[in-house]
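One file, work-v4.cif, is given below (mmCIF, C-alpha atoms).
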data_model
#
loop_
_atom_site.label_atom_id
_atom_site.label_comp_id
_atom_site.auth_asym_id
_atom_site.auth_seq_id
_atom_site.Cartn_x
_atom_site.Cartn_y
_atom_site.Cartn_z
CA SER A 2 6.42 -3.37 -14.05
CA ALA A 3 7.46 -6.26 -11.83
CA VAL A 4 5.06 -9.09 -11.01
CA ILE A 5 5.02 -10.40 -7.45
CA SER A 6 3.78 -13.80 -6.35
CA GLN A 7 2.95 -13.86 -2.65
CA LYS A 8 1.89 -16.85 -0.61
CA PRO A 9 0.03 -18.01 1.30
CA SER A 10 -2.94 -15.81 0.43
CA ARG A 11 -4.48 -16.47 3.81
CA ASP A 12 -3.95 -18.59 6.90
CA ILE A 13 -5.48 -19.21 10.29
CA CYS A 14 -2.85 -19.90 12.92
CA GLN A 15 -2.75 -20.90 16.55
CA ARG A 16 -1.47 -18.49 19.15
CA GLY A 17 2.23 -19.00 19.87
CA THR A 18 3.11 -20.47 16.46
CA SER A 19 4.98 -18.81 13.58
CA LEU A 20 4.07 -18.23 9.95
CA THR A 21 6.45 -17.56 7.09
CA ILE A 22 5.19 -15.52 4.14
CA GLN A 23 7.00 -15.74 0.82
CA CYS A 24 7.31 -13.25 -2.03
CA GLN A 25 8.78 -14.09 -5.42
CA VAL A 26 9.46 -11.33 -7.95
CA ASP A 27 9.78 -11.98 -11.68
CA SER A 28 12.78 -9.64 -11.97
CA GLN A 29 15.79 -8.72 -9.90
CA VAL A 30 15.19 -5.89 -7.47
CA THR A 31 17.49 -4.23 -4.98
CA MET A 32 14.99 -3.60 -2.22
CA MET A 33 11.86 -5.38 -1.11
CA PHE A 34 9.45 -3.92 1.38
CA TRP A 35 7.14 -5.57 3.88
CA TYR A 36 3.93 -3.88 5.06
CA ARG A 37 1.15 -4.60 7.51
CA GLN A 38 -2.41 -3.46 6.90
CA GLN A 39 -5.56 -3.72 8.95
CA PRO A 40 -8.55 -4.35 6.65
CA GLY A 41 -9.85 -1.10 5.17
CA GLN A 42 -6.98 0.91 6.61
CA SER A 43 -3.71 2.28 5.33
CA LEU A 44 -0.39 0.43 5.14
CA THR A 45 2.36 0.51 7.74
CA LEU A 46 5.92 -0.28 6.70
CA ILE A 47 7.46 -3.08 8.75
CA ALA A 48 10.92 -3.29 7.21
CA THR A 49 13.03 -2.94 4.09
CA ALA A 50 14.91 -6.02 2.92
CA ASN A 51 18.16 -5.64 0.99
CA GLN A 52 19.93 -8.61 -0.50
CA GLY A 53 23.15 -9.38 1.31
CA SER A 54 22.51 -7.31 4.40
CA GLU A 55 20.21 -7.27 7.40
CA ALA A 56 16.77 -5.82 6.97
CA THR A 57 16.06 -2.31 8.22
CA TYR A 58 13.11 -2.22 10.61
CA GLU A 59 10.76 0.66 11.26
CA SER A 60 9.95 1.96 14.71
CA GLY A 61 7.77 -0.50 16.58
CA PHE A 62 8.96 -3.57 14.67
CA VAL A 63 11.83 -5.81 15.74
CA ILE A 64 13.80 -8.58 14.10
CA ASP A 65 12.98 -11.15 16.76
CA LYS A 66 9.27 -10.77 16.06
CA PHE A 67 9.47 -10.31 12.28
CA PRO A 68 12.62 -12.01 10.98
CA ILE A 69 13.20 -11.42 7.28
CA SER A 70 15.26 -13.35 4.79
CA ARG A 71 16.54 -12.05 1.45
CA PRO A 72 18.63 -14.85 -0.06
CA ASN A 73 18.71 -13.38 -3.58
CA LEU A 74 17.46 -10.48 -5.69
CA THR A 75 14.11 -12.06 -6.53
CA PHE A 76 12.91 -13.58 -3.26
CA SER A 77 12.17 -12.64 0.34
CA THR A 78 10.36 -14.09 3.31
CA LEU A 79 8.78 -12.48 6.36
CA THR A 80 8.13 -14.60 9.44
CA VAL A 81 5.58 -13.58 12.04
CA SER A 82 6.88 -15.23 15.21
CA ASN A 83 5.19 -16.30 18.42
CA MET A 84 1.88 -15.01 17.12
CA SER A 85 -0.88 -13.49 19.18
CA PRO A 86 -4.35 -12.34 18.08
CA GLU A 87 -2.95 -8.79 17.81
CA ASP A 88 -0.87 -9.99 14.86
CA SER A 89 -4.03 -10.71 12.86
CA SER A 90 -3.68 -8.49 9.83
CA ILE A 91 -2.88 -8.39 6.13
CA TYR A 92 0.80 -8.59 5.27
CA LEU A 93 2.05 -7.35 1.90
CA CYS A 94 5.37 -7.29 0.11
CA SER A 95 6.31 -4.62 -2.39
CA VAL A 96 9.01 -3.55 -4.83
CA GLU A 97 9.65 -0.35 -6.73
CA HIS A 98 7.44 -0.04 -9.77
CA GLY A 99 10.31 0.71 -12.08
CA GLN A 100 10.03 2.06 -15.63
CA GLY A 101 10.34 5.62 -14.32
CA ALA A 102 6.74 5.65 -13.14
CA GLY A 103 7.55 6.07 -9.49
CA GLY A 104 5.48 4.22 -6.98
CA TYR A 105 5.48 0.59 -6.04
CA THR A 106 4.09 -2.79 -7.07
CA PHE A 107 2.51 -4.98 -4.42
CA GLY A 108 1.87 -8.64 -3.86
CA SER A 109 -1.72 -9.69 -3.37
CA GLY A 110 -1.26 -9.92 0.38
CA THR A 111 -1.50 -12.57 3.08
CA ARG A 112 -4.53 -12.37 5.35
CA LEU A 113 -3.47 -13.76 8.71
CA THR A 114 -5.89 -14.66 11.47
CA VAL A 115 -4.47 -15.75 14.82
CA VAL A 116 -6.81 -17.67 17.11
CA THR B 21 0.80 12.66 13.22
CA GLN B 22 0.11 11.44 9.69
CA LEU B 23 2.16 12.93 6.88
CA LEU B 24 -0.71 12.51 4.40
CA GLU B 25 -4.28 13.02 5.58
CA GLN B 26 -7.06 11.81 3.34
CA SER B 27 -10.69 12.83 3.42
CA PRO B 28 -13.24 11.54 3.60
CA GLN B 29 -12.27 8.34 5.38
CA PHE B 30 -15.40 6.54 4.20
CA LEU B 31 -17.67 7.29 1.27
CA SER B 32 -20.77 5.44 0.12
CA ILE B 33 -22.51 6.71 -3.00
CA GLN B 34 -24.99 5.61 -5.63
CA GLU B 35 -23.88 4.49 -9.05
CA GLY B 36 -23.65 7.46 -11.42
CA GLU B 37 -22.76 10.04 -8.79
CA ASN B 38 -19.56 12.08 -8.79
CA LEU B 39 -17.10 12.22 -5.91
CA THR B 40 -13.82 13.79 -4.87
CA VAL B 41 -11.19 12.41 -2.52
CA TYR B 42 -8.60 14.70 -0.98
CA CYS B 43 -5.02 14.10 0.13
CA ASN B 44 -3.50 16.89 2.21
CA SER B 45 -0.21 17.60 3.92
CA SER B 46 1.76 20.48 5.36
CA SER B 47 4.86 19.25 3.52
CA VAL B 48 5.95 19.82 -0.06
CA PHE B 49 6.52 16.77 -2.23
CA SER B 50 8.39 16.20 -5.45
CA SER B 51 5.76 13.70 -6.55
CA LEU B 52 2.68 11.91 -5.32
CA GLN B 53 1.03 8.66 -6.28
CA TRP B 54 -2.53 7.39 -6.09
CA TYR B 55 -3.37 3.72 -5.59
CA ARG B 56 -6.56 1.69 -5.58
CA GLN B 57 -6.84 -1.49 -3.56
CA GLU B 58 -9.62 -4.00 -4.01
CA PRO B 59 -10.49 -6.56 -1.34
CA GLY B 60 -8.05 -9.46 -1.29
CA GLU B 61 -5.52 -7.67 -3.47
CA GLY B 62 -2.56 -5.39 -3.00
CA PRO B 63 -2.70 -1.70 -3.91
CA VAL B 64 -2.38 -0.96 -7.62
CA LEU B 65 -0.70 2.20 -8.85
CA LEU B 66 -3.11 4.46 -10.73
CA VAL B 67 -1.05 7.55 -11.43
CA THR B 68 1.98 9.61 -10.43
CA VAL B 69 1.83 13.40 -10.45
CA VAL B 70 5.03 15.42 -10.33
CA THR B 71 4.33 19.03 -11.38
CA GLY B 72 2.46 21.62 -9.28
CA GLY B 73 -0.95 22.21 -10.83
CA GLU B 74 -0.69 19.08 -12.97
CA VAL B 75 -3.91 17.37 -14.00
CA LYS B 76 -3.98 13.78 -15.24
CA LYS B 77 -6.97 11.88 -16.49
CA LEU B 78 -7.49 8.14 -16.46
CA LYS B 79 -10.88 7.44 -18.08
CA ARG B 80 -13.42 8.71 -15.50
CA LEU B 81 -10.75 9.51 -12.92
CA THR B 82 -9.15 12.97 -12.77
CA PHE B 83 -6.09 13.54 -10.59
CA GLN B 84 -4.79 16.96 -9.65
CA PHE B 85 -1.60 17.97 -7.89
CA GLY B 86 -1.87 21.22 -5.94
CA ASP B 87 0.05 24.26 -7.17
CA ALA B 88 2.19 24.21 -4.02
CA ARG B 89 2.68 20.42 -4.28
CA LYS B 90 1.29 19.91 -0.78
CA ASP B 91 -2.02 18.35 -1.71
CA SER B 92 -3.81 16.33 -4.34
CA SER B 93 -7.31 15.35 -5.30
CA LEU B 94 -8.95 12.47 -7.10
CA HIS B 95 -12.28 13.10 -8.79
CA ILE B 96 -14.40 10.26 -10.13
CA THR B 97 -17.16 11.05 -12.60
CA ALA B 98 -20.24 8.84 -12.86
CA ALA B 99 -18.98 6.29 -10.35
CA GLN B 100 -19.44 2.60 -11.14
CA PRO B 101 -19.60 -0.38 -8.74
CA GLY B 102 -16.22 -1.41 -10.12
CA ASP B 103 -14.74 1.75 -8.60
CA THR B 104 -15.37 0.32 -5.13
CA GLY B 105 -12.16 -0.03 -3.14
CA LEU B 106 -9.66 1.64 -0.87
CA TYR B 107 -7.99 4.70 -2.41
CA LEU B 108 -4.57 5.63 -1.08
CA CYS B 109 -2.31 8.55 -1.84
CA ALA B 110 1.40 8.04 -1.22
CA THR B 111 4.71 9.78 -1.57
CA ASN B 112 8.46 9.41 -1.16
CA THR B 113 10.34 11.70 1.16
CA GLY B 114 14.01 10.99 1.60
CA ASN B 115 14.32 7.22 1.85
CA GLN B 116 10.84 6.78 3.27
CA PHE B 117 7.65 5.94 1.42
CA TYR B 118 4.45 7.06 3.12
CA PHE B 119 0.84 6.17 2.49
CA GLY B 120 -2.11 8.39 3.24
CA THR B 121 -4.75 7.46 5.77
CA GLY B 122 -6.96 5.99 3.04
CA THR B 123 -10.48 6.52 1.69
CA SER B 124 -12.79 3.54 1.52
CA LEU B 125 -15.26 3.99 -1.34
CA THR B 126 -18.39 1.93 -1.87
CA VAL B 127 -20.45 2.47 -5.01
CA ILE B 128 -23.94 1.06 -4.67
CA PRO B 129 -25.57 -0.29 -7.84
#

Starting from the coordinates I provided, produce the structure as structure tokens.
Amino acid sequence: SAVISQKPSRDICQRGTSLTIQCQVDSQVTMMFWYRQQPGQSLTLIATANQGSEATYESGFVIDKFPISRPNLTFSTLTVSNMSPEDSSIYLCSVEHGQGAGGYTFGSGTRLTVV
Amino acid sequence: TQLLEQSPQFLSIQEGENLTVYCNSSSVFSSLQWYRQEPGEGPVLLVTVVTGGEVKKLKRLTFQFGDARKDSSLHITAAQPGDTGLYLCATNTGNQFYFGTGTSLTVIP
């Protein structure tokens, strides 16, 4: 299965600033997925990033707040813009597991705290 | 409304005890996955079940897919502290991938 390197692993940011999270995959993948997760809770899909086209956002998430880049088949970034304390959460990227197993492989997550 | 409801939401047990986690839905699925997530890490795929009534074993973990493919269970025998984590069921439907509500398990030494 694919291996994902996600960074930063954690950050503490000031209100009103922006943070860009990076995910690097060790193989080429068509789609990359970005999730948000409150500690101890389930995951909520933010958007799906396809190379060469605009990301597809889920209900409740907009491009101005969470701009996504997908410059090639192995890399994507998610920016959390104009942050507020409500944005404090864990952000994860994911790709399909591959090898016919179904399911998905995840990065180790970015724990964001906005103060 | 959650597509996949898990129960219990929280579970704290002593080392050596057995436990079962449930994942229920009113919808029928072609397959269902189970993940475990440890603190500071992303979810890790444990198993995929695809056939109604299917049972898969992974060491002390037993996964079952309901006959009607609407529900699944995860049974852990003789739980160990290393089993501590968040357990999530998940499935694809159409182009969407959904996670269950999650079960947070703590195994006390």

Notebook entry, point to check: Care to translate the PyMOL selection byres ((chain A) within 9 of (chain B)) into actual residues of this file, as number ranges by chain?
Noted result: A: 10, 40-46, 93-95, 98, 102-112

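For the pair atom CA of Pro101 of chain B and atom CA of Leu81 of chain B, the interatomic distance is 13.9 Å.
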
Check: B:Gln22, B:Pro28, B:Thr126, B:Thr104: which is nearest Thr40 of chain B, counting only C-alpha atoms?
Finding: B:Pro28

Margin query: With distances taken over all atoms listed in the file, which residue among A:Ser90, A:Asn73, A:Thr114, A:Ser6 lies nearest Cys24 of chain A?
Written below: A:Ser6

Next item on the list: Please work out which residues fall within 6 Å of (18.3, -8.5, -6.3), coordinates as given in the file, with all atoms listed in the file counting, and return them as a VMD selection string.
Entry: chain A and resid 29 to 31 73 to 75

Please write the residues from the selection above to a file, keeping C-alpha atoms, as a compact mmCIF listing (two decimals), keeping the file's coordinate frame.
# COMPACT_ATOMS: atom_id res chain seq x y z
CA GLN A 29 15.79 -8.72 -9.90
CA VAL A 30 15.19 -5.89 -7.47
CA THR A 31 17.49 -4.23 -4.98
CA ASN A 73 18.71 -13.38 -3.58
CA LEU A 74 17.46 -10.48 -5.69
CA THR A 75 14.11 -12.06 -6.53

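When the PyMOL selection byres ((chain B and resi 39) around 10) is evaluated on the file shown here, the picked residues come out as B:Leu31, B:Ser32, B:Ile33, B:Gly36, B:Glu37, B:Asn38, B:Thr40, B:Val41, B:Leu81, B:Leu94, B:His95, B:Ile96, B:Thr97, B:Ala98, B:Ala99, B:Leu125.
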
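Nearest residue to Glu59 of chain A, choosing from A:Ser85, A:Pro72, A:Lys8, A:Trp35 and counting only C-alpha atoms: A:Trp35.
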
Item checked: Gap from atom CA of Val26 of chain A to atom CA of Gln52 of chain A - Å, one decimal -> 13.1 Å

Given the file shown, determine the residues that the PyMOL selection byres ((chain B and resi 87) around 12) selects; report them as a compact mmCIF listing (two decimals) with C-alpha atoms, in the frame of the given file.
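Result file is out.txt:
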# COMPACT_ATOMS: atom_id res chain seq x y z
CA VAL B 48 5.95 19.82 -0.06
CA PHE B 49 6.52 16.77 -2.23
CA SER B 50 8.39 16.20 -5.45
CA VAL B 69 1.83 13.40 -10.45
CA VAL B 70 5.03 15.42 -10.33
CA THR B 71 4.33 19.03 -11.38
CA GLY B 72 2.46 21.62 -9.28
CA GLY B 73 -0.95 22.21 -10.83
CA GLU B 74 -0.69 19.08 -12.97
CA VAL B 75 -3.91 17.37 -14.00
CA GLN B 84 -4.79 16.96 -9.65
CA PHE B 85 -1.60 17.97 -7.89
CA GLY B 86 -1.87 21.22 -5.94
CA ALA B 88 2.19 24.21 -4.02
CA ARG B 89 2.68 20.42 -4.28
CA LYS B 90 1.29 19.91 -0.78
CA ASP B 91 -2.02 18.35 -1.71
CA SER B 92 -3.81 16.33 -4.34
CA SER B 93 -7.31 15.35 -5.30

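Pairwise distance (atom CA of Thr57 of chain A, atom CA of Ser47 of chain B) equals 24.7 Å.
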
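With distances restricted to only C-alpha atoms, A:Asp88 is the closest residue to Gln15 of chain A from A:Asp65, A:Asp27, A:Glu97, A:Asp88.
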
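Shell of Pro86 of chain A at 12 Å, with all atoms listed in the file counted and residues fewer than 5 places along the chain excluded, is A:Ile13, A:Cys14, A:Gln15, A:Arg16, A:Gly17, A:Thr18, A:Val81, A:Leu113, A:Thr114, A:Val115, A:Val116.
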
Next item on the list: Skip segment 78-80 of chain A itself and residues of its chain fewer than 2 positions away, then list as a ChimeraX atom specification all residues within 8 Å of it, counting all atoms listed in the file.
Entry: /A:19-24,35,66-71,76,82
